[in-house]
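The data block below is query-v5.csv; it holds CSV, C-alpha atoms.
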```
chain,number,residue,atom,x,y,z
A,11,MET,CA,34.2,-22.2,26.8
A,12,ARG,CA,30.6,-22.0,25.6
A,13,GLN,CA,28.4,-19.6,27.5
A,14,GLY,CA,25.2,-20.9,29.0
A,15,ILE,CA,21.7,-19.5,29.2
A,16,ASP,CA,22.3,-17.9,32.6
A,17,ASP,CA,25.8,-16.4,31.8
A,18,PHE,CA,24.5,-12.9,30.9
A,19,ASP,CA,26.8,-10.5,32.7
A,20,GLU,CA,27.3,-6.9,31.7
A,21,ASP,CA,30.2,-7.8,29.4
A,22,ARG,CA,28.2,-10.3,27.5
A,23,VAL,CA,25.1,-8.0,27.1
A,24,ALA,CA,27.4,-5.2,25.9
A,25,ALA,CA,29.1,-7.5,23.4
A,26,ILE,CA,25.6,-8.7,22.1
A,27,SER,CA,24.6,-5.0,21.7
A,28,ARG,CA,27.7,-4.2,19.8
A,29,ASP,CA,27.2,-7.1,17.4
A,30,VAL,CA,23.6,-6.1,16.7
A,31,ALA,CA,24.4,-2.4,16.4
A,32,ALA,CA,27.3,-3.3,14.0
A,33,ALA,CA,24.8,-5.4,11.9
A,34,ILE,CA,22.4,-2.5,11.7
A,35,ASP,CA,25.1,0.0,10.7
A,36,ALA,CA,26.5,-2.5,8.1
A,37,ALA,CA,23.1,-2.9,6.4
A,38,THR,CA,22.5,0.9,6.5
A,39,PHE,CA,25.7,1.7,4.7
A,40,GLY,CA,25.6,-1.2,2.2
A,41,SER,CA,28.3,-3.5,3.6
A,42,GLY,CA,25.9,-6.0,5.1
A,43,SER,CA,22.4,-7.5,4.8
A,44,TRP,CA,19.4,-6.8,7.0
A,45,ASP,CA,19.2,-10.5,7.5
A,46,GLU,CA,22.2,-10.2,9.8
A,47,VAL,CA,20.3,-8.0,12.3
A,48,PRO,CA,17.7,-10.5,13.5
A,49,LEU,CA,20.3,-13.3,13.1
A,50,ALA,CA,22.8,-11.5,15.4
A,51,LEU,CA,20.1,-10.9,18.0
A,52,SER,CA,18.7,-14.4,18.0
A,53,ARG,CA,22.1,-16.2,18.0
A,54,ALA,CA,22.9,-14.4,21.3
A,55,PHE,CA,19.9,-15.9,23.0
A,56,PRO,CA,19.8,-19.7,22.8
A,57,GLY,CA,16.5,-21.2,21.8
A,58,SER,CA,15.2,-17.9,20.3
A,59,PHE,CA,14.5,-16.7,16.8
A,60,GLY,CA,14.6,-13.1,15.4
A,61,ILE,CA,12.3,-11.2,13.1
A,62,LEU,CA,12.8,-7.9,11.3
A,63,TYR,CA,9.9,-6.6,9.3
A,64,ASN,CA,8.2,-3.6,7.9
A,65,MET,CA,4.4,-3.9,8.0
A,66,ASN,CA,1.6,-1.5,7.0
A,67,PHE,CA,-1.1,-2.8,9.3
A,68,PRO,CA,-4.1,-0.7,8.1
A,69,GLU,CA,-3.4,-1.7,4.5
A,70,LYS,CA,-2.4,-5.2,5.5
A,71,ARG,CA,0.7,-5.0,3.4
A,72,LEU,CA,4.1,-6.6,4.3
A,73,ASN,CA,6.9,-4.5,2.8
A,74,PHE,CA,9.9,-6.4,4.2
A,75,LEU,CA,10.5,-9.6,6.2
A,76,SER,CA,13.5,-11.4,7.5
A,77,VAL,CA,13.1,-14.3,9.9
A,78,GLN,CA,16.3,-15.9,11.3
A,79,ASN,CA,17.3,-18.9,13.4
A,80,THR,CA,14.2,-20.9,12.7
A,81,ASP,CA,12.8,-23.3,10.1
A,82,ALA,CA,12.4,-21.7,6.7
A,83,ALA,CA,8.8,-23.0,6.5
A,84,PHE,CA,7.8,-20.8,9.4
A,85,ALA,CA,9.2,-17.8,7.7
A,86,THR,CA,7.3,-18.6,4.5
A,87,SER,CA,4.1,-19.1,6.3
A,88,LEU,CA,4.5,-15.8,8.2
A,89,ALA,CA,5.0,-14.0,4.9
A,90,GLU,CA,2.1,-15.7,3.1
A,91,HIS,CA,-0.5,-15.8,5.9
A,92,PHE,CA,0.2,-15.3,9.6
A,93,ALA,CA,1.6,-11.8,9.4
A,94,TYR,CA,-1.8,-10.7,8.3
A,95,ILE,CA,-3.7,-12.3,11.1
A,96,ASN,CA,-1.2,-11.4,13.9
A,97,PRO,CA,-3.3,-10.7,17.1
A,98,TRP,CA,-0.4,-8.4,18.3
A,99,ALA,CA,-1.0,-6.1,15.3
A,100,PRO,CA,-3.6,-3.8,17.1
A,101,TYR,CA,-1.2,-3.4,20.0
A,102,TRP,CA,1.8,-2.5,17.8
A,103,THR,CA,-0.4,-0.1,15.8
A,104,SER,CA,-1.4,1.8,18.9
A,105,VAL,CA,2.0,2.3,20.6
A,106,LYS,CA,4.3,5.2,19.9
A,107,SER,CA,7.5,5.1,17.8
A,108,THR,CA,10.8,3.7,19.2
A,109,PHE,CA,8.8,1.7,21.7
A,110,ILE,CA,10.3,-1.3,23.4
A,111,ALA,CA,8.3,-3.9,25.3
A,112,ALA,CA,8.1,-7.5,26.4
A,113,SER,CA,4.9,-9.4,25.4
A,114,GLU,CA,4.5,-11.0,28.8
A,115,GLU,CA,4.4,-7.6,30.4
A,116,VAL,CA,2.0,-5.8,28.0
A,117,PHE,CA,0.1,-8.4,25.9
A,118,PRO,CA,0.7,-12.1,26.8
A,119,ALA,CA,0.2,-14.6,24.0
A,120,ARG,CA,-2.2,-16.5,26.3
A,121,THR,CA,-4.7,-13.7,25.7
A,122,PHE,CA,-5.3,-15.1,22.2
A,123,ALA,CA,-4.6,-18.8,23.0
A,124,LYS,CA,-7.5,-20.0,20.9
A,125,SER,CA,-6.4,-18.2,17.8
A,126,GLU,CA,-5.0,-19.8,14.6
A,127,PHE,CA,-1.8,-17.6,15.0
A,128,TYR,CA,-1.2,-19.0,18.5
A,129,ASN,CA,-1.8,-22.7,17.8
A,130,ASP,CA,-0.5,-23.0,14.3
A,131,TRP,CA,2.4,-20.6,14.3
A,132,LEU,CA,3.7,-19.8,17.8
A,133,LEU,CA,3.4,-23.2,19.6
A,134,PRO,CA,5.0,-25.3,16.8
A,135,GLN,CA,8.2,-23.2,17.1
A,136,ASN,CA,9.5,-24.6,20.3
A,137,ARG,CA,6.5,-23.0,22.1
A,138,ALA,CA,7.8,-19.5,21.4
A,139,GLU,CA,5.0,-17.8,23.1
A,140,ALA,CA,7.0,-15.0,24.6
A,141,ALA,CA,8.8,-12.1,22.8
A,142,ALA,CA,10.6,-8.8,23.3
A,143,GLY,CA,10.3,-6.2,20.6
A,144,MET,CA,11.0,-2.7,19.4
A,145,LYS,CA,8.8,-0.6,17.0
A,146,ILE,CA,10.4,2.1,14.9
A,147,VAL,CA,7.9,4.0,12.9
A,148,GLY,CA,8.8,4.5,9.3
A,149,GLU,CA,6.0,6.7,7.8
A,150,ARG,CA,2.3,7.1,8.0
A,151,ASP,CA,0.6,3.8,9.1
A,152,GLU,CA,3.9,1.9,8.6
A,153,ALA,CA,6.2,0.5,11.2
A,154,VAL,CA,9.5,-1.3,11.2
A,155,HIS,CA,9.8,-4.0,14.0
A,156,LEU,CA,12.7,-5.9,15.4
A,157,LEU,CA,11.5,-8.8,17.5
A,158,LEU,CA,13.1,-11.6,19.6
A,159,HIS,CA,10.8,-14.7,20.1
A,160,PHE,CA,11.6,-17.3,22.7
A,161,PRO,CA,9.9,-20.0,24.8
A,162,LEU,CA,7.7,-18.9,27.7
A,163,ALA,CA,10.0,-20.8,30.1
A,164,ARG,CA,12.8,-18.3,29.4
A,165,SER,CA,10.8,-15.1,29.5
A,166,GLU,CA,11.8,-14.1,33.0
A,167,LEU,CA,15.4,-13.8,31.9
A,168,TYR,CA,15.0,-13.0,28.2
A,169,ASP,CA,12.4,-10.3,28.7
A,170,ARG,CA,14.8,-8.2,30.8
A,171,LEU,CA,17.9,-8.9,28.7
A,172,GLY,CA,16.1,-8.6,25.3
A,173,LYS,CA,14.8,-5.1,26.3
A,174,ASP,CA,18.2,-4.1,27.5
A,175,VAL,CA,19.9,-5.0,24.2
A,176,LEU,CA,17.1,-3.3,22.2
A,177,ASN,CA,17.5,-0.2,24.3
A,178,ARG,CA,21.2,-0.1,23.6
A,179,VAL,CA,20.8,-0.4,19.8
A,180,ARG,CA,17.8,1.9,19.6
A,181,GLY,CA,19.8,4.9,18.4
A,182,ASN,CA,21.5,2.9,15.6
A,183,PHE,CA,18.1,1.5,14.4
A,184,GLU,CA,16.4,4.9,14.6
A,185,ARG,CA,19.1,6.6,12.7
A,186,SER,CA,19.0,3.9,10.0
A,187,VAL,CA,15.3,4.2,9.5
A,188,ASN,CA,15.4,8.0,9.4
A,189,LEU,CA,18.1,7.8,6.7
A,190,ALA,CA,15.9,5.3,4.8
A,191,ARG,CA,13.0,7.6,5.0
A,192,LEU,CA,15.0,10.5,3.4
A,193,LEU,CA,16.3,8.2,0.6
A,194,ARG,CA,12.8,6.9,0.0
A,195,ALA,CA,11.4,10.5,-0.2
A,196,ASP,CA,14.0,11.4,-2.8
A,197,THR,CA,13.2,8.3,-4.8
A,198,GLU,CA,9.4,8.9,-4.7
A,199,ALA,CA,9.8,12.5,-5.7
A,200,ALA,CA,11.9,11.5,-8.7
A,201,LEU,CA,9.3,8.9,-9.7
A,202,ALA,CA,6.5,11.4,-9.4
A,203,GLU,CA,8.4,14.0,-11.5
A,204,THR,CA,9.2,11.4,-14.2
A,205,ALA,CA,5.5,10.3,-14.3
A,206,LEU,CA,4.3,13.9,-14.9
A,207,LEU,CA,6.8,14.6,-17.7
A,208,GLU,CA,5.1,15.0,-21.1
A,209,ARG,CA,1.6,15.0,-19.5
A,210,GLY,CA,0.9,18.5,-20.7
A,211,ARG,CA,-2.3,17.8,-22.6
A,212,CYS,CA,-4.5,17.2,-19.5
A,213,ALA,CA,-4.4,17.6,-15.7
A,214,ALA,CA,-2.0,15.1,-14.2
A,215,LEU,CA,-1.7,14.2,-10.5
A,216,VAL,CA,0.4,11.7,-8.6
A,217,VAL,CA,-1.2,10.2,-5.4
A,218,ASP,CA,-0.5,7.3,-3.1
A,219,GLY,CA,-2.9,4.5,-2.1
A,220,GLY,CA,-4.2,6.7,0.7
A,221,ARG,CA,-5.2,9.5,-1.7
A,222,LEU,CA,-2.3,11.7,-0.5
A,223,LEU,CA,-1.3,14.2,-3.2
A,224,ARG,CA,2.4,13.8,-4.0
A,225,ASP,CA,2.8,16.0,-7.1
A,226,ALA,CA,0.9,17.7,-9.9
A,227,ASN,CA,1.6,19.3,-13.3
A,228,ALA,CA,0.5,22.9,-14.0
A,229,GLN,CA,-2.9,21.9,-15.3
A,230,GLY,CA,-3.4,19.7,-12.3
A,231,GLU,CA,-2.6,22.5,-9.9
A,232,ARG,CA,-5.1,24.8,-11.7
A,233,LEU,CA,-7.8,22.1,-11.6
A,234,LEU,CA,-7.3,21.5,-7.8
A,235,ALA,CA,-7.3,25.2,-7.2
A,236,ARG,CA,-10.7,25.5,-8.9
A,237,GLY,CA,-12.1,22.4,-7.0
A,238,ILE,CA,-14.8,21.7,-9.6
A,239,GLY,CA,-14.0,18.2,-10.7
A,240,VAL,CA,-11.3,17.1,-8.3
A,241,GLY,CA,-10.5,18.7,-5.0
A,242,VAL,CA,-8.0,18.3,-2.1
A,243,ARG,CA,-9.0,18.1,1.6
A,244,ASN,CA,-6.3,17.7,4.2
A,245,GLY,CA,-3.8,17.0,1.5
A,246,ARG,CA,-5.9,14.1,0.0
A,247,CYS,CA,-7.6,14.0,-3.4
A,248,HIS,CA,-11.3,13.5,-3.8
A,249,LEU,CA,-13.6,13.4,-6.8
A,250,MET,CA,-16.6,15.8,-6.6
A,251,ASP,CA,-19.1,13.1,-6.9
A,252,LYS,CA,-19.8,10.7,-4.0
A,253,GLU,CA,-20.2,7.5,-5.9
A,254,ALA,CA,-17.3,8.2,-8.3
A,255,ASP,CA,-15.2,9.2,-5.3
A,256,ALA,CA,-15.9,5.8,-3.6
A,257,ARG,CA,-14.8,4.0,-6.7
A,258,PHE,CA,-11.7,6.2,-6.9
A,259,GLY,CA,-10.7,5.3,-3.4
A,260,ALA,CA,-11.2,1.6,-4.0
A,261,ALA,CA,-9.2,1.7,-7.2
A,262,LEU,CA,-6.3,3.5,-5.5
A,263,GLU,CA,-6.2,1.0,-2.7
A,264,LYS,CA,-6.0,-1.9,-5.1
A,265,LEU,CA,-3.4,-0.3,-7.4
A,266,ALA,CA,-1.2,0.6,-4.4
A,267,GLY,CA,-1.6,-2.9,-3.0
A,268,GLU,CA,-0.8,-4.5,-6.4
A,269,ILE,CA,-4.2,-6.1,-6.4
A,270,PRO,CA,-5.6,-6.8,-9.9
A,271,THR,CA,-8.4,-4.4,-10.9
A,272,ASP,CA,-10.1,-3.5,-14.1
A,273,MET,CA,-11.1,-0.1,-12.7
A,274,SER,CA,-8.7,2.1,-14.7
A,275,ARG,CA,-11.2,4.8,-15.8
A,276,ILE,CA,-14.0,6.6,-14.0
A,277,ALA,CA,-16.4,9.0,-15.7
A,278,PHE,CA,-18.8,11.2,-13.7
A,279,ARG,CA,-20.8,14.4,-13.9
A,280,THR,CA,-21.1,17.4,-11.6
A,281,ALA,CA,-22.9,20.7,-11.7
A,282,ALA,CA,-19.8,22.1,-13.3
A,283,GLY,CA,-19.4,19.6,-16.1
A,284,ALA,CA,-18.4,16.0,-17.0
A,285,TRP,CA,-15.1,14.4,-16.2
A,286,GLN,CA,-13.0,11.4,-16.9
A,287,VAL,CA,-10.4,10.2,-14.5
A,288,SER,CA,-7.8,7.6,-15.7
A,289,LEU,CA,-5.5,5.7,-13.2
A,290,ALA,CA,-2.3,3.8,-13.6
A,291,ALA,CA,0.2,2.5,-11.1
A,292,ILE,CA,3.7,3.9,-11.4
A,293,PRO,CA,6.2,1.0,-11.5
A,294,PRO,CA,8.7,1.3,-8.6
A,295,PRO,CA,12.4,1.2,-9.4
A,296,PRO,CA,14.4,-1.9,-8.5
A,297,SER,CA,16.0,-1.7,-5.1
A,298,SER,CA,19.6,-0.8,-5.3
A,299,SER,CA,20.7,-1.0,-1.7
A,300,ALA,CA,20.0,-2.8,1.5
A,301,ILE,CA,18.6,0.2,3.3
A,302,ALA,CA,16.1,0.8,0.5
A,303,ALA,CA,14.9,-2.8,0.8
A,304,LEU,CA,13.8,-2.1,4.4
A,305,LEU,CA,11.7,0.9,3.5
A,306,PRO,CA,10.9,0.5,-0.2
A,307,PRO,CA,9.3,3.3,-2.1
A,308,ARG,CA,5.5,3.3,-1.7
A,309,ARG,CA,3.4,2.5,-4.7
A,310,MET,CA,2.1,5.7,-6.3
A,311,ILE,CA,-0.6,6.2,-8.9
A,312,LEU,CA,-0.7,8.5,-11.9
A,313,VAL,CA,-4.1,10.2,-12.2
A,314,LEU,CA,-5.1,11.9,-15.4
A,315,VAL,CA,-8.2,14.1,-15.3
A,316,THR,CA,-9.9,15.1,-18.5
A,317,ASP,CA,-12.6,17.8,-18.7
A,318,LEU,CA,-15.1,16.2,-21.1
A,319,GLY,CA,-17.0,19.4,-21.6
A,320,GLN,CA,-13.9,21.0,-23.0
A,321,GLN,CA,-13.1,18.0,-25.1
A,322,VAL,CA,-16.6,18.0,-26.5
A,323,GLY,CA,-16.4,21.7,-27.2
A,324,GLU,CA,-13.5,20.8,-29.5
A,325,ALA,CA,-15.0,17.6,-30.9
A,326,GLY,CA,-18.5,18.8,-31.5
A,327,ASP,CA,-20.8,15.6,-31.1
A,328,LEU,CA,-20.9,12.0,-30.0
A,329,GLY,CA,-18.1,11.3,-32.4
A,330,ALA,CA,-15.9,12.4,-29.6
A,331,LEU,CA,-16.7,9.1,-27.9
A,332,ALA,CA,-14.2,7.4,-30.3
A,333,THR,CA,-11.4,9.7,-29.1
A,334,LEU,CA,-12.3,9.9,-25.4
A,335,PHE,CA,-13.3,6.3,-24.7
A,336,ALA,CA,-12.2,4.3,-27.8
A,337,LEU,CA,-15.8,3.4,-28.6
A,338,THR,CA,-16.4,1.7,-32.0
A,339,PRO,CA,-18.7,3.2,-34.6
A,340,ALA,CA,-21.3,0.5,-33.7
A,341,GLU,CA,-21.1,1.4,-30.0
A,342,ILE,CA,-21.5,5.1,-30.8
A,343,ALA,CA,-24.5,4.3,-33.0
A,344,PHE,CA,-26.0,2.4,-30.0
A,345,CYS,CA,-25.4,5.4,-27.8
A,346,ARG,CA,-27.2,7.6,-30.3
A,347,ARG,CA,-30.3,5.3,-30.1
A,348,LEU,CA,-30.3,5.6,-26.3
A,349,MET,CA,-29.9,9.3,-26.5
A,350,MET,CA,-33.0,9.4,-28.8
A,351,GLY,CA,-35.0,7.7,-26.0
A,352,ASP,CA,-34.9,4.1,-27.1
A,353,SER,CA,-34.8,1.3,-24.6
A,354,VAL,CA,-32.2,-1.4,-25.0
A,355,ALA,CA,-34.7,-3.6,-26.7
A,356,GLU,CA,-35.9,-0.9,-29.0
A,357,ALA,CA,-32.3,0.1,-29.9
A,358,ALA,CA,-31.6,-3.6,-30.6
A,359,GLU,CA,-34.5,-3.8,-33.0
A,360,ARG,CA,-33.6,-0.6,-34.9
A,361,LEU,CA,-30.0,-1.7,-35.2
A,362,SER,CA,-30.9,-5.3,-36.2
A,363,LEU,CA,-29.4,-6.8,-33.1
A,364,THR,CA,-30.6,-9.5,-30.8
A,365,GLU,CA,-31.5,-8.2,-27.4
A,366,GLY,CA,-28.6,-10.3,-25.9
A,367,THR,CA,-26.1,-8.7,-28.2
A,368,ALA,CA,-27.5,-5.3,-27.4
A,369,ARG,CA,-27.0,-5.9,-23.6
A,370,THR,CA,-23.5,-7.2,-24.2
A,371,ARG,CA,-22.8,-4.0,-26.2
A,372,LEU,CA,-24.2,-1.9,-23.4
A,373,LYS,CA,-21.9,-3.7,-20.9
A,374,ALA,CA,-18.9,-2.9,-23.1
A,375,ILE,CA,-19.8,0.7,-23.4
A,376,LEU,CA,-20.3,1.0,-19.6
A,377,HIS,CA,-16.9,-0.5,-19.1
A,378,LYS,CA,-15.1,1.7,-21.6
A,379,THR,CA,-16.7,4.9,-20.3
A,380,GLY,CA,-16.1,4.1,-16.6
A,381,THR,CA,-19.8,4.1,-15.8
A,382,THR,CA,-21.6,1.4,-13.9
A,383,ARG,CA,-25.3,2.0,-14.7
A,384,GLN,CA,-27.3,3.0,-17.7
A,385,GLY,CA,-28.4,6.1,-15.8
A,386,GLN,CA,-24.8,7.2,-15.3
A,387,LEU,CA,-24.1,6.6,-19.0
A,388,MET,CA,-27.1,8.7,-20.0
A,389,LEU,CA,-25.9,11.6,-17.9
A,390,LEU,CA,-22.5,11.4,-19.6
A,391,LEU,CA,-24.0,11.2,-23.0
A,392,ALA,CA,-26.3,14.1,-22.3
A,393,ARG,CA,-23.3,16.2,-21.5
A,394,LEU,CA,-21.5,15.0,-24.6
A,395,GLY,CA,-24.5,15.5,-26.9
```
structure tokens encoding of this file:
Amino acid sequence: MRQGIDDFDEDRVAAISRDVAAAIDAATFGSGSWDEVPLALSRAFPGSFGILYNMNFPEKRLNFLSVQNTDAAFATSLAEHFAYINPWAPYWTSVKSTFIAASEEVFPARTFAKSEFYNDWLLPQNRAEAAAGMKIVGERDEAVHLLLHFPLARSELYDRLGKDVLNRVRGNFERSVNLARLLRADTEAALAETALLERGRCAALVVDGGRLLRDANAQGERLLARGIGVGVRNGRCHLMDKEADARFGAALEKLAGEIPTDMSRIAFRTAAGAWQVSLAAIPPPPSSSAIAALLPPRRMILVLVTDLGQQVGEAGDLGALATLFALTPAEIAFCRRLMMGDSVAEAAERLSLTEGTARTRLKAILHKTGTTRQGQLMLLLARLG
């Protein structure tokens, strides 16, 4: 006989909990998919749908998402848009790990009834305004959530029962996430080590999008210890020039978030010398297991630091620009005119260029050298000259 909405006795709740726990364990050890977890939860509560996702709220990055027992279009719209404007995000960000709550008790959806999320995503799904959820923290600023959404009319019953089931499977879920964290740490360490191999000609560092230092080669360790071009504060890398450091942070965020950027090289000068920092995202390995899909390796960035003063000492003059920045002979000649005190117009006249061509050449030089203004370029050239 089919069980009704009100037939939730202890035996049924225990059976639901066993099914959800079994789905978690199966995904953890490779014999099942994470899709089975929200599916097992939502199938047990008629009229509901389940969500399992890993969200980095500060970086607005969705690492994993599974939405079950609802129309696929809603899952797609959540992944593409609504996850990033979720009004519940500040609440989930603030609560501690392994926290379980019902929305009607802590943050009712009616609180943000005029929002796009409420009107265009919650209400069209059978008025699924209510939810019970559990937050399991993965790593810094990242959280894994298991949620059960349902109509407000069923919240009095489902709030209590949903929290009960989530409490019973909490241990399984927490163990799974802890194991995923260990596996991810091993993967990230191997990626960093591989990226640093054969980087012996200059200081090489591996950092994440939040500047956290993950590894360094011997030259990188010596550079950080000296703290003259690049330093570490509270475990995070910083460039010893305020403007360059701001550009460095912005570039790391974009590279970690897989956002296109042409900021791959930054040149700057300090009292101790001139420096070039080159950045490149380290490709993540393909996911080889279900548990790795839930907490995928975080994107890391290879940072190469060149002491331009040392390079120039070896190269001798502005000819080093060809090696250091891939400047063409014509671009180096233009730099020489600037170093001699010519304005852009004067350099154009002496080199038989139109002023428009000269300004285009200057833009190309700024881009190649990682500088943003002519004044920055002149400081760099003064060091090299």
Would you kindly identify which residues have an atom no farther than 7 Å from (-5.1, 10.4, -14.4), using all atoms listed in the file and the file's own coordinates, and write them out as an NGL selection string? :A and (214-215 or 287-289 or 312-315)
Would you work out the distance separating atom CA of A:Met250 from atom CA of A:Leu318, expressed in Å to one decimal?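 Rounded to one decimal, the two atoms are 14.6 Å apart.
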With distances taken over only C-alpha atoms, which residue among A:Glu69, A:Asp130, A:Glu268, A:Glu46 lies nearest A:Phe84?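 Answer, going by the shortest atom-to-atom distance: A:Asp130.
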Protein and nucleic acid residues near (10.9, -14.4, 14.6) (cut-off 10 Å, only C-alpha atoms) as an MDAnalysis selection string: chainID A and resid 48:49 52 58:63 75:80 84:85 88 132 135 138 141 156:160
With only C-alpha atoms as the atoms that count, which of A:Leu348, A:Ala199, A:Leu390, A:Val354 lies nearest to A:Leu334? A:Leu390
